[in-house]
Amino acid sequence: MLLHKIAALVAAIAVTLPASAQFSNSGSSSSSADLCKSYNRIGVSYTNTGLSANKEYEFIEDKDHISLNGFAVDYIHGFSLSKTLPMFIETGVKANFGFGSVKYDDDYYEKLLMQNISLSVPVNFAYKFGISDNVSITPYIGLNLKLHLLGRVKYEYEDEYDDEESEWYNVFSKDDMDDETWNRFQLGWHIGAGVNIKKLYLGVSYGTDFIKAFKYEDASVNSGNLSATIGYTF
């Protein structure tokens, strides 16, 4: 629910900011020209990837959700589409590192650990609203192509009879998973907004993936992605 509230907040910002744009466009021609310039941005993000299974799939007993927390580094270039309107196409590359676990405690202990490394390429439409000479807000919406470089899981068990830890399994390998491999490629959407204060960038985004993280017969796992970024624009 929290992630959906964040997405709704970002959408509300994108809808309500045109008044700010009207105010900013009434300024000097030089500031308007600066607002329309192409830009580069590097950033570091906190990321959260939520994996939610349908009723036909469980990560471990009675657990159908796992959350991967991690960090990302990215480079974005904003291509200006107009000399008079601050519209941009953003693209670049983002490397994400996620780690998470889920456990079951009852008569015995069971834990699943998961690690993931991925590269993604976003393609966004962005519009920059100038608030003052040094502050602007840029909401955006776009698509995201994701390639998983690493995905692996490990199970731990403990009861009154044994204490066992399995080896790591590659979720993209048929040797490890038989036919129940996960999808190495995913395509998704996201919506977000960023604030530039001089060169400092602060942003937040949320989206989901059209291509499921896992699909086998009736079992499937959907994924959602939250990101909070601090960066430098130049």
# chains A, B, ... in the order shown; residues from 1 in each chain; ligands from 1
call {"tool": "select_by_dssp", "arguments": {"residues": "range 15-216 of chain A", "states": "alpha helix (DSSP H)", "output": "compact mmCIF listing (two decimals) with C-alpha atoms, in the first residue's frame"}}
result
# COMPACT_ATOMS: atom_id res chain seq x y z
CA VAL A 15 -0.81 16.90 -12.70
CA THR A 16 -0.70 19.95 -10.43
CA PRO A 18 1.48 23.25 -14.82
CA ALA A 19 0.69 26.38 -12.84
CA SER A 20 4.33 26.51 -11.81
CA ALA A 21 5.35 26.09 -15.42
CA GLN A 22 3.23 29.07 -16.44
CA PHE A 23 4.92 31.13 -13.75
CA SER A 24 8.40 30.07 -14.81
CA ASN A 25 7.80 30.63 -18.53
CA SER A 29 14.27 34.51 -22.31
CA SER A 30 17.74 33.53 -21.07
CA SER A 31 16.31 31.53 -18.14
CA SER A 32 13.80 29.86 -20.48
CA ALA A 33 16.65 28.89 -22.80
CA ASP A 34 18.58 27.41 -19.87
CA LEU A 35 15.50 25.42 -18.86
CA LYS A 174 17.95 -24.89 -16.28
CA ASP A 175 20.63 -27.02 -14.65
CA ASP A 176 19.58 -25.62 -11.25
CA MET A 177 15.87 -24.93 -11.81
call {"tool": "atom_distance", "arguments": {"atom1": "CA of Asp64 in chain A", "atom2": "CA of Asp178 in chain A"}}
result
21.0 Å
call {"tool": "closest_residue", "arguments": {"among": "A:Asn54, A:Val195, A:Tyr46, A:Met114", "to": "Ser132 in chain A", "atoms": "only C-alpha atoms"}}
result
A:Val195
call {"tool": "residues_around", "arguments": {"residues": "range 118-125 of chain A", "least_positions_apart": "4", "cutoff": "8 Å", "atoms": "only C-alpha atoms", "output": "ChimeraX atom specification"}}
result
/A:87-97,140-150
call {"tool": "select_by_dssp", "arguments": {"residues": "range 65-227 of chain A", "states": "strand (DSSP E)", "output": "ChimeraX atom specification"}}
result
/A:65-80,87-105,109-127,129-130,135-158,163-165,169-170,185-197,200-209,214-216,219-227
call {"tool": "residues_around", "arguments": {"residues": "Phe99 in chain A", "least_positions_apart": "6", "cutoff": "6 Å", "atoms": "only C-alpha atoms", "output": "PyMOL selection string"}}
result
chain A and resi 68-70+114-115
